[in-house]
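Colleague: My structure file work04.txt, compact mmCIF, C-alpha atoms and all ligand atoms, is below:
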```txt
# COMPACT_ATOMS: atom_id res chain seq x y z
CA MET C 1 112.77 73.44 83.45
CA PRO C 2 113.57 69.72 83.63
CA TRP C 3 112.97 69.42 87.38
CA ALA C 4 109.62 71.11 87.04
CA LYS C 5 108.67 68.55 84.35
CA VAL C 6 109.66 65.70 86.67
CA LEU C 7 107.65 67.10 89.58
CA ARG C 8 104.63 67.78 87.37
CA GLY C 9 104.80 64.25 85.97
CA LYS C 10 105.14 62.70 89.40
CA TYR C 11 102.62 64.71 91.43
CA MET C 12 100.32 66.72 89.16
CA SER C 13 99.17 63.90 86.87
CA SER C 14 98.02 61.79 89.80
CA HIS C 15 94.65 60.06 89.37
CA SER C 16 93.97 60.59 93.05
CA SER C 17 90.84 62.64 93.78
CA CYS C 18 92.78 64.64 96.38
CA SER C 19 94.68 67.72 95.15
CA PRO C 20 98.46 67.08 95.11
CA TRP C 21 98.81 70.39 96.96
CA LEU C 22 96.78 69.06 99.87
CA SER C 23 97.80 65.39 99.93
CA ARG C 24 99.38 64.24 103.18
CA GLY C 25 101.11 61.17 101.75
CA THR C 26 104.87 60.78 101.62
CA CYS C 27 106.59 62.90 99.03
CA SER C 28 110.05 64.11 98.11
CA ARG C 29 111.64 66.96 100.02
CA THR C 30 111.40 69.12 96.91
CA TRP C 31 107.62 68.64 96.64
CA ALA C 32 107.23 69.25 100.38
CA ALA C 33 109.07 72.57 99.88
CA CYS C 34 106.81 73.42 96.92
CA LYS C 35 103.74 72.78 99.08
CA ALA C 36 105.15 74.98 101.86
CA ALA C 37 105.76 77.79 99.35
CA ARG C 38 102.26 77.63 97.84
CA PRO C 39 100.77 80.39 100.10
CA THR C 40 103.58 82.73 99.03
CA LEU C 41 102.94 81.89 95.39
CA ASP C 42 99.21 82.55 95.82
CA SER C 43 99.86 85.87 97.54
CA GLY C 44 101.98 87.03 94.57
CA LEU C 45 99.46 86.16 91.85
CA ARG C 46 96.86 88.55 90.56
CA LYS C 47 94.07 88.26 87.99
CA VAL C 48 94.23 90.69 85.07
CA ILE C 49 90.67 91.55 84.12
CA SER C 50 89.54 91.24 80.54
CA SER C 51 85.85 90.19 80.52
CA GLY C 52 85.71 89.52 84.27
CA ASN C 53 83.89 86.25 83.51
CA SER C 54 86.35 83.97 85.30
CA THR C 55 87.22 86.15 88.29
CA SER C 56 85.38 86.21 91.60
CA PHE C 57 84.60 89.80 92.60
CA TRP C 58 85.11 89.11 96.31
CA ASN C 59 87.45 86.15 96.58
CA ASP C 60 90.05 86.47 93.80
CA ALA C 61 92.99 88.88 94.02
CA TRP C 62 92.44 91.27 91.10
CA THR C 63 93.01 94.63 92.82
CA SER C 64 96.26 96.05 94.15
CA PHE C 65 95.24 95.29 97.74
CA GLY C 66 94.48 91.57 97.54
CA THR C 67 90.95 90.16 97.68
CA LEU C 68 88.11 92.58 98.33
CA ARG C 69 86.77 90.20 100.98
CA SER C 70 89.96 90.75 102.99
CA VAL C 71 89.30 94.49 103.25
CA ILE C 72 85.47 94.51 103.56
CA SER C 73 84.17 92.84 106.68
CA SER C 74 80.47 93.71 106.19
CA PRO C 75 78.12 90.72 105.74
CA LEU C 76 77.09 90.07 102.13
CA ASN C 77 73.61 89.26 100.85
CA PHE C 78 72.65 85.68 99.96
CA GLN C 79 74.86 84.47 97.06
CA GLU C 80 76.45 87.92 96.73
CA ASP C 81 79.86 86.40 97.45
CA GLN C 82 79.51 84.35 94.26
CA ARG C 83 79.39 87.43 92.03
CA LEU C 84 81.97 87.67 89.25
CA VAL C 85 83.79 90.87 88.31
CA ALA C 86 81.79 90.78 85.03
CA HIS C 87 78.59 91.48 87.00
CA PHE C 88 79.86 94.99 87.64
CA LEU C 89 81.30 95.79 84.20
CA ASP C 90 79.38 96.92 81.14
CA SER C 91 80.45 96.09 77.57
CA ASN C 92 82.64 99.23 77.37
CA GLY C 93 84.66 98.19 80.41
CA THR C 94 82.94 100.82 82.60
CA TRP C 95 82.08 99.98 86.21
CA SER C 96 78.46 99.96 87.26
CA TRP C 97 77.55 99.39 90.90
CA GLU C 98 73.76 98.99 90.81
CA ASN C 99 74.16 95.25 91.38
CA LEU C 100 75.99 95.78 94.65
CA SER C 101 73.90 95.79 97.85
CA PHE C 102 75.98 98.52 99.51
CA ILE C 103 78.34 101.32 98.55
CA LEU C 104 82.06 100.51 98.64
CA PRO C 105 84.26 103.00 100.55
CA GLN C 106 85.32 105.88 98.34
CA PRO C 107 89.10 105.07 98.40
CA LEU C 108 88.34 101.51 97.24
CA LEU C 109 86.08 102.75 94.44
CA ALA C 110 88.74 105.20 93.32
CA ALA C 111 91.41 102.48 93.32
CA ILE C 112 89.15 100.12 91.34
CA ASN C 113 88.36 102.90 88.86
CA ALA C 114 92.09 103.30 88.28
CA ILE C 115 92.50 99.64 87.21
CA PRO C 116 92.82 99.41 83.43
CA ILE C 117 90.35 96.93 81.90
CA ASN C 118 91.50 95.20 78.72
CA THR C 119 88.13 94.61 77.07
CA GLY C 120 89.83 94.29 73.67
CA LEU C 121 91.98 91.31 74.71
CA PRO C 122 90.98 87.62 74.76
CA SER C 123 87.86 87.22 76.87
CA GLU C 124 89.52 84.96 79.43
CA ASP C 125 90.96 86.83 82.45
CA LEU C 126 94.70 86.21 82.79
CA ILE C 127 96.86 85.36 85.77
CA ALA C 128 99.94 87.54 86.29
CA TRP C 129 102.73 87.72 88.84
CA ALA C 130 101.76 90.93 90.63
CA SER C 131 105.10 91.46 92.29
CA LEU C 132 106.76 92.58 89.06
CA LYS C 133 105.52 95.26 86.70
CA ASP C 134 105.79 93.02 83.60
CA GLY C 135 103.66 90.30 85.27
CA ASN C 136 106.31 87.58 84.80
CA PHE C 137 107.40 85.36 87.70
CA SER C 138 110.94 85.65 89.09
CA LEU C 139 112.48 83.64 91.88
CA LYS C 140 114.12 86.70 93.41
CA SER C 141 110.82 88.57 93.73
CA ALA C 142 109.16 85.44 95.21
CA TYR C 143 111.95 85.24 97.79
CA MET C 144 111.44 88.90 98.74
CA LEU C 145 107.71 88.32 99.02
CA ALA C 146 108.32 85.34 101.32
CA LYS C 147 110.50 87.62 103.48
CA GLY C 148 107.61 90.08 103.81
CA LEU C 149 109.18 92.73 101.59
CA ASN C 150 107.34 94.87 99.08
CA VAL C 151 109.06 93.80 95.86
CA LEU C 152 108.21 96.88 93.81
CA ASN C 153 109.68 99.05 96.52
CA PRO C 154 112.25 97.05 98.52
CA HIS C 155 112.77 99.96 100.89
CA THR C 156 109.34 99.43 102.32
CA PHE C 157 108.20 96.41 104.25
CA SER C 158 105.05 94.36 104.54
CA ALA C 159 102.04 96.47 105.46
CA ASN C 160 100.18 93.81 107.44
CA TRP C 161 100.73 95.83 110.63
CA ILE C 162 98.00 98.19 109.40
CA TRP C 163 95.27 95.64 110.17
CA LYS C 164 96.39 95.47 113.82
CA LEU C 165 95.81 99.19 114.40
CA ILE C 166 92.76 100.32 116.33
CA ALA C 167 91.17 102.88 114.03
CA PRO C 168 88.01 103.26 111.91
CA HIS C 169 87.97 100.73 109.08
CA LYS C 170 87.81 103.40 106.38
CA ILE C 171 91.10 104.87 107.66
CA LEU C 172 92.74 101.42 107.75
CA ILE C 173 91.76 100.96 104.10
CA PHE C 174 93.21 104.40 103.33
CA LEU C 175 96.54 103.40 104.95
CA TRP C 176 96.51 100.07 103.12
CA LEU C 177 96.01 101.88 99.79
CA CYS C 178 98.90 104.21 100.69
CA SER C 179 101.15 101.17 101.08
CA TYR C 180 100.28 100.07 97.55
CA ASN C 181 100.65 103.57 96.09
CA SER C 182 96.96 103.41 95.19
CA ILE C 183 95.52 106.61 96.64
CA PRO C 184 94.11 108.45 93.61
CA VAL C 185 96.22 111.60 93.96
CA ARG C 186 97.06 113.26 90.65
CA GLU C 187 100.56 111.81 90.20
CA VAL C 188 99.25 108.26 90.77
CA LEU C 189 96.39 108.82 88.29
CA GLY C 190 98.88 110.26 85.77
CA SER C 191 101.13 107.20 86.10
CA ARG C 192 98.09 105.03 85.25
CA GLY C 193 97.41 106.75 81.96
CA PHE C 194 95.00 109.54 82.96
CA THR C 195 95.83 112.75 81.12
CA ILE C 196 95.45 115.30 83.88
CA ASN C 197 97.27 118.24 85.40
CA GLN C 198 99.39 116.53 88.06
CA SER C 199 100.06 119.56 90.23
CA CYS C 200 98.95 119.61 93.87
CA PRO C 201 95.46 121.18 94.25
CA LEU C 202 96.58 122.85 97.51
CA CYS C 203 99.85 124.56 96.58
CA ASN C 204 99.92 124.19 92.76
CA ASN C 205 103.69 124.09 93.08
CA HIS C 206 104.62 120.38 93.04
CA PRO C 207 103.35 117.13 91.52
CA GLU C 208 100.73 115.66 93.85
CA SER C 209 102.26 112.40 95.11
CA ILE C 210 101.01 110.60 98.24
CA VAL C 211 104.03 111.69 100.26
CA HIS C 212 103.57 115.27 99.06
CA LEU C 213 99.93 115.25 100.14
CA LEU C 214 100.61 113.76 103.57
CA ARG C 215 103.72 115.59 104.70
CA GLU C 216 105.61 117.63 102.08
CA CYS C 217 103.04 120.13 100.88
CA GLN C 218 103.38 123.46 102.69
CA SER C 219 99.82 123.12 103.99
CA SER C 220 100.59 119.65 105.46
CA VAL C 221 103.83 120.88 107.05
CA SER C 222 101.95 123.70 108.72
CA PHE C 223 99.15 121.29 109.81
CA TRP C 224 101.60 118.89 111.54
CA ASN C 225 103.54 121.74 113.13
CA LYS C 226 100.37 123.25 114.58
CA LEU C 227 99.46 119.88 116.11
CA GLY C 228 102.75 120.00 118.04
CA LEU C 229 105.35 117.34 117.32
CA HIS C 230 107.35 115.34 119.87
CA SER C 231 111.11 115.62 119.12
CA LYS C 232 111.36 111.95 118.11
CA VAL C 233 108.34 112.33 115.89
CA ILE C 234 110.03 115.25 114.11
CA GLN C 235 112.97 112.97 113.18
CA SER C 236 110.58 110.40 111.73
CA PHE C 237 109.50 112.90 109.06
CA GLU C 238 112.77 112.07 107.27
CA LEU C 239 111.86 108.37 106.94
CA PRO C 240 110.49 106.81 103.73
CA LEU C 241 106.69 107.00 103.56
CA MET C 242 105.76 103.55 104.92
CA GLU C 243 108.34 103.63 107.73
CA TRP C 244 107.07 107.09 108.67
CA LEU C 245 103.46 105.85 108.76
CA HIS C 246 104.44 102.74 110.74
CA PHE C 247 106.48 104.70 113.29
CA ASN C 248 103.79 107.28 113.96
CA CYS C 249 100.84 104.86 113.90
CA THR C 250 102.45 102.54 116.46
CA CYS C 251 104.57 104.79 118.73
CA SER C 252 103.67 105.30 122.37
CA PHE C 253 104.30 109.05 122.75
CA PRO C 254 101.60 111.25 124.23
CA SER C 255 100.18 114.13 122.21
CA LYS C 256 99.68 117.67 123.48
CA HIS C 257 95.91 117.31 123.26
CA LEU C 258 93.63 116.06 126.05
CA GLY C 259 95.87 113.11 126.93
CA ILE C 260 95.12 111.45 123.57
CA PRO C 261 98.05 109.26 122.37
CA TRP C 262 99.97 110.75 119.44
CA LYS C 263 99.27 107.71 117.26
CA VAL C 264 95.51 108.40 117.45
CA ILE C 265 95.98 112.09 116.61
CA PHE C 266 98.33 111.12 113.77
CA ILE C 267 95.95 108.59 112.20
CA PHE C 268 93.10 111.12 112.26
CA GLY C 269 95.56 113.77 110.99
CA LEU C 270 96.23 111.70 107.85
CA TRP C 271 92.50 111.25 107.30
CA THR C 272 91.84 114.97 107.84
CA LEU C 273 94.49 115.90 105.25
CA TRP C 274 92.93 113.51 102.72
CA LEU C 275 89.36 114.81 103.29
CA ASN C 276 90.57 118.40 103.14
CA ARG C 277 92.47 117.69 99.92
CA ASN C 278 89.30 116.25 98.33
CA SER C 279 87.29 119.25 99.45
CA MET C 280 89.88 121.60 97.92
CA ALA C 281 90.23 119.55 94.71
CA PHE C 282 86.51 119.08 94.05
CA ARG C 283 84.76 121.97 95.84
CA ARG C 284 87.61 124.47 96.04
CA LYS C 285 87.10 125.13 99.73
CA GLN C 286 88.53 123.85 103.02
CA GLN C 287 86.68 120.98 104.66
CA SER C 288 86.21 123.03 107.82
CA LEU C 289 87.34 126.45 109.02
CA ASP C 290 89.99 124.99 111.31
CA ILE C 291 91.08 121.55 110.11
CA MET C 292 93.39 121.10 113.10
CA GLN C 293 90.54 121.51 115.60
CA SER C 294 88.36 119.25 113.49
CA CYS C 295 91.11 116.58 113.56
CA ILE C 296 91.50 116.80 117.35
CA ALA C 297 87.72 116.63 117.84
CA LYS C 298 87.46 113.46 115.71
CA ALA C 299 90.45 111.85 117.45
CA ALA C 300 89.02 112.71 120.90
CA LYS C 301 85.61 111.31 120.00
CA PHE C 302 87.18 108.06 118.80
CA HIS C 303 89.64 107.75 121.68
CA PHE C 304 87.23 108.50 124.54
CA LEU C 305 83.97 107.08 123.17
CA VAL C 306 84.84 104.21 120.80
CA GLN C 307 88.20 103.02 122.12
CA GLY C 308 87.30 103.86 125.73
CA SER C 309 84.09 101.84 125.63
CA ARG C 310 86.02 98.86 124.21
CA SER C 311 88.61 98.89 126.98
CA HIS C 312 85.89 99.04 129.66
CA SER C 313 83.74 96.29 128.21
ZN ZN Q 401 101.15 120.90 97.62
```
Just dump the structure as structure tokens.
Modeller:
Amino acid sequence: MPWAKVLRGKYMSSHSSCSPWLSRGTCSRTWAACKAARPTLDSGLRKVISSGNSTSFWNDAWTSFGTLRSVISSPLNFQEDQRLVAHFLDSNGTWSWENLSFILPQPLLAAINAIPINTGLPSEDLIAWASLKDGNFSLKSAYMLAKGLNVLNPHTFSANWIWKLIAPHKILIFLWLCSYNSIPVREVLGSRGFTINQSCPLCNNHPESIVHLLRECQSSVSFWNKLGLHSKVIQSFELPLMEWLHFNCTCSFPSKHLGIPWKVIFIFGLWTLWLNRNSMAFRRKQQSLDIMQSCIAKAAKFHFLVQGSRSHS
């Protein structure tokens, strides 16, 4: 584009030691607008891994949920934050985690395992526009990103609210992965090239999508009904997935259990369904005899011990 050439010539070929993106000198209104839009641009870019030699494992966005450092708050060992993705890949493009000082949460590992690695392509990792499936930039998708909309699914909205919830970190990561359709249920794995039977391991009647697992499967319907739903909560079960999660995770209704807010019961309910699904899929048995009681017990423990101690400190 001619105007891009002009701007590049004027600002990007500067001999100044200071980056033109950071310079505070006078500039045209157009360049000022470009500088203001830079964070949006950065948030829409993603590295596509080939060798992993030019991508920071922790600080570059190469997964579907942004940088790994933004979802892992644990301290890292000396120089561990300088590790490249290549440190964790063998020559066949298979992940190996011996070089990592701690174990990543299981949902993160599963999402990373589902990322295709192009070991046959040029060794340099590529930069793609993550907001579109073909990886090419479009102004419309950048505009939607700037407005906080999920471009690949415009009916959903930004999922940043998840990080403001008070819940165990592993459950926040689970919700975050839901918002990026990255929970490794069978339909998601199938859409990423895995040749597997996509039917739900609980009912065997429907493809196992995230929404099926969390609220459409007969076993999930019965689980939520047994927990006792407030009338307004019942209506929310018609909402699209992310709106449904947002509504229930942030509402202020009480639950019917021990004075625990519904949002706490709900968050632990989602987690219980996921753990129970894994137990059924991999061990062919329920996680506990009564998953509803197990959910209430976990929610009560968190609400009265963890959350309660925070509010009194
Ligand atoms: Zn099912």
Colleague: I'd like to know which of C:Ile296, C:Cys27, C:Ala33, C:Leu273 is closest to ligand ZN 401 (chain Q), using all atoms listed in the file.
Modeller: C:Leu273
Colleague: Tell me which of C:Leu289, C:Pro116, C:Ala61, C:Asn181 sits closest to Asn92 of chain C, counting all atoms listed in the file.
Modeller: C:Pro116
Colleague: What do you get as a PyMOL selection string if you pick all residues at most 12 Å from ligand ZN 401 (chain Q), counting only C-alpha atoms and all ligand atoms?
Modeller: chain C and resi 185-187+198-222+273+277+280-281
Colleague: Keeping only C-alpha atoms, write those residues as a short mmCIF file (atom, residue, chain, number, x, y, z; two decimals), in the frame of the given file.
Modeller:
```
data_model
loop_
_atom_site.label_atom_id
_atom_site.label_comp_id
_atom_site.auth_asym_id
_atom_site.auth_seq_id
_atom_site.Cartn_x
_atom_site.Cartn_y
_atom_site.Cartn_z
CA VAL C 185 96.22 111.60 93.96
CA ARG C 186 97.06 113.26 90.65
CA GLU C 187 100.56 111.81 90.20
CA GLN C 198 99.39 116.53 88.06
CA SER C 199 100.06 119.56 90.23
CA CYS C 200 98.95 119.61 93.87
CA PRO C 201 95.46 121.18 94.25
CA LEU C 202 96.58 122.85 97.51
CA CYS C 203 99.85 124.56 96.58
CA ASN C 204 99.92 124.19 92.76
CA ASN C 205 103.69 124.09 93.08
CA HIS C 206 104.62 120.38 93.04
CA PRO C 207 103.35 117.13 91.52
CA GLU C 208 100.73 115.66 93.85
CA SER C 209 102.26 112.40 95.11
CA ILE C 210 101.01 110.60 98.24
CA VAL C 211 104.03 111.69 100.26
CA HIS C 212 103.57 115.27 99.06
CA LEU C 213 99.93 115.25 100.14
CA LEU C 214 100.61 113.76 103.57
CA ARG C 215 103.72 115.59 104.70
CA GLU C 216 105.61 117.63 102.08
CA CYS C 217 103.04 120.13 100.88
CA GLN C 218 103.38 123.46 102.69
CA SER C 219 99.82 123.12 103.99
CA SER C 220 100.59 119.65 105.46
CA VAL C 221 103.83 120.88 107.05
CA SER C 222 101.95 123.70 108.72
CA LEU C 273 94.49 115.90 105.25
CA ARG C 277 92.47 117.69 99.92
CA MET C 280 89.88 121.60 97.92
CA ALA C 281 90.23 119.55 94.71
#
```
Colleague: Which of these residues is nearest to Ala167 of chain C, using all atoms listed in the file: C:Ser252, C:Lys298, C:Ile291, C:Asn99?
Modeller: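 Of all the options, C:Lys298 lies closest to Ala167 of chain C.
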Colleague: Rounded to one decimal in Å, what is the spacing between atom CA of Trp31 of chain C and atom CA of Asn160 of chain C?
Modeller: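 Atom CA of Trp31 of chain C sits 28.4 Å away from atom CA of Asn160 of chain C.
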Colleague: Using all atoms listed in the file, collect all residues at a distance of at most 12 Å from (87.4, 92.7, 100.1) as written in the file, then present them as a ChimeraX atom specification.
Modeller: /C:56-76,81,104-105,108-109,112,173
Colleague: Restricting the calculation to only C-alpha atoms: of C:Phe253, C:Phe266, C:Trp21, C:Trp244, which residue gets closest to Lys35 of chain C?
Modeller: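 Residue with the minimum atom-to-atom distance to Lys35 of chain C: C:Trp21.
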Colleague: Using all atoms listed in the file, can you tell me which of C:Cys249, C:Trp161, C:Ala114, C:Gly25 comes closest to Val188 of chain C?
Modeller: C:Ala114
Colleague: One decimal, Å: what's the distance from atom CA of Ala36 of chain C over to atom CA of Tyr143 of chain C, could you say?
Modeller: 13.0 Å
Colleague: To one decimal in Å, tell me the separation between atom CA of Phe282 of chain C and atom CA of Ile196 of chain C.
Modeller: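 Atom-to-atom, atom CA of Phe282 of chain C to atom CA of Ile196 of chain C, that is 14.1 Å.
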Colleague: Nearest to Ser91 of chain C: which of C:Cys251, C:Ala32, C:Ile117, C:Ile234 is it, counting all atoms listed in the file?
Modeller: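 Of all the options, C:Ile117 lies closest to Ser91 of chain C.
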